[in-house]
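The structure appears below as structure tokens.
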Amino acid sequence: KAGVTQTPRYLIKTRGQQVTLSCSPISGHRSVSWYQQTPGQGLQFLFEYFSETQRNKGNFPGRFSGRQFSNSRSEMNVSTLELGDSALYLCASSLRRRKGGYTFGSGTRLTVV
Amino acid sequence: AQSVTQLGSHVSVSEGALVLLRCNYSSSVPPYLFWYVQYPNQGLQLLLKYTTGATLVKGINGFEAEFKKSETSFHLTKPSAHMSDAAEYFCAVPQGGSNYKLTFGKGTLLTVNP
């Protein structure tokens, strides 16, 4: 079956712009989580959605937001981009998250110039 | 809150040598522990996971990890390194309760020399 699909793979944006990243989970998975990966901070949890509801949120400013649609696809949005937002953004989907069934996508590499 | 510490940000081995990547968890025995691998320009792939009661966990690609409660450790090993094992490896522990999420270690970059 198809894995977790993230689009686009690469993105270059200018400071002050906004960006939307997309994640299509594995069919049947209703939980979608987002993580930011940077060389300095490593992997950090952004938020999790389940059945269109945000269940959990990490320690990121309000510029970072997300949503989930009825088909479980999720988007995350970053407004007023800063240079420090340059990172690999990873999406993970899960059928039964408490049993560690996370499957990650290949990520979206965002570069802010 | 649970956390994991990976000792050694970079490990270099020769092809055919033993691979040992270290991970220690912070406090009480977690119900789950995970090792993930990340190849260049890729996402994370689950290598193996510990569930309560297990001691030696076998994963994909010949990797295994031993859970040692007395040492609060969950080190990852492979008897014989292959060039294709070159990647970054992450240990992770879930934060329980309603705010469920994975907390990752800083990662260990494995280099395999011919």
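Just so we're on the same page: first chain in the structure tokens is A, next is B, and so on; residues restart at 1 for each chain, and ligands are numbered from 1 in the order they show up.
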Would you give me, as JSON, numbers by chain, the residues of chain B that come within 12 Å of chain A, using only C-alpha atoms? {"B": [9, 30, 31, 32, 33, 34, 35, 36, 37, 38, 39, 40, 41, 42, 43, 44, 45, 46, 47, 48, 49, 50, 51, 52, 88, 89, 90, 91, 92, 93, 94, 95, 96, 97, 98, 99, 100, 101, 102, 103, 104, 105, 106, 107, 108, 109]}
Select from segment 41-95 of chain B everything DSSP, run on the backbone, classes as strand (DSSP E), then give the selection as a PyMOL selection string. chain B and resi 44-51+56-58+64-68+73-78+87-95
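Using only C-alpha atoms, the contacts of Glu75 of chain A at a cut-off of 9 Å, with sequence neighbours closer than 5 positions omitted, comprise Thr20, Leu21, Ser22, Cys23, Ser24, Ser65, Gly66, Arg67, Gln68 and Phe69 of chain A.
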Suppose we keep N, CA, C and O atoms; can you now write the selection as a compact mmCIF listing (two decimals), in the first residue's frame?
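So selection07.txt came out as:
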# COMPACT_ATOMS: atom_id res chain seq x y z
N THR A 20 2.41 26.52 2.84
CA THR A 20 1.52 25.42 3.21
C THR A 20 2.13 24.11 2.73
O THR A 20 2.49 23.99 1.55
N LEU A 21 2.24 23.17 3.65
CA LEU A 21 2.78 21.85 3.33
C LEU A 21 1.65 20.83 3.46
O LEU A 21 0.78 20.96 4.32
N SER A 22 1.72 19.81 2.63
CA SER A 22 0.65 18.83 2.60
C SER A 22 1.14 17.44 2.96
O SER A 22 2.28 17.08 2.67
N CYS A 23 0.27 16.68 3.58
CA CYS A 23 0.58 15.31 3.97
C CYS A 23 -0.63 14.42 3.74
O CYS A 23 -1.71 14.69 4.27
N SER A 24 -0.43 13.36 2.98
CA SER A 24 -1.47 12.36 2.78
C SER A 24 -1.07 11.10 3.53
O SER A 24 -0.05 10.49 3.20
N SER A 65 0.59 26.48 12.22
CA SER A 65 -0.76 25.97 12.40
C SER A 65 -0.98 24.79 11.46
O SER A 65 -0.18 24.54 10.55
N GLY A 66 -2.06 24.09 11.71
CA GLY A 66 -2.34 22.95 10.86
C GLY A 66 -3.82 22.67 10.83
O GLY A 66 -4.62 23.32 11.51
N ARG A 67 -4.16 21.72 10.01
CA ARG A 67 -5.54 21.25 9.97
C ARG A 67 -5.57 19.87 9.34
O ARG A 67 -4.61 19.44 8.70
N GLN A 68 -6.70 19.22 9.55
CA GLN A 68 -6.88 17.90 8.95
C GLN A 68 -8.26 17.86 8.32
O GLN A 68 -9.24 18.35 8.88
N PHE A 69 -8.32 17.24 7.19
CA PHE A 69 -9.56 17.16 6.43
C PHE A 69 -10.27 15.84 6.71
O PHE A 69 -9.70 14.93 7.33
Tell me, in Å to one decimal, how far atom CA of Gln6 of chain A is from atom CA of Ala86 of chain B. 24.0 Å
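Between atom CA of Val78 of chain A and atom CA of Val112 of chain A lies a distance of 11.3 Å.
For the set A:Gln37, A:Ser94, A:Gly28, A:Ala2, the residue with the smallest atom-to-atom gap to Ser70 of chain A is A:Gly28, counting only C-alpha atoms.
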If you run DSSP on the backbone here, which positions in chain A get helix (DSSP H, G or I)? Please write them as a ChimeraX atom specification. /A:83-85,97-99
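Here atom CA of Tyr49 of chain A stands at a distance of 13.8 Å from atom CA of Phe64 of chain A.
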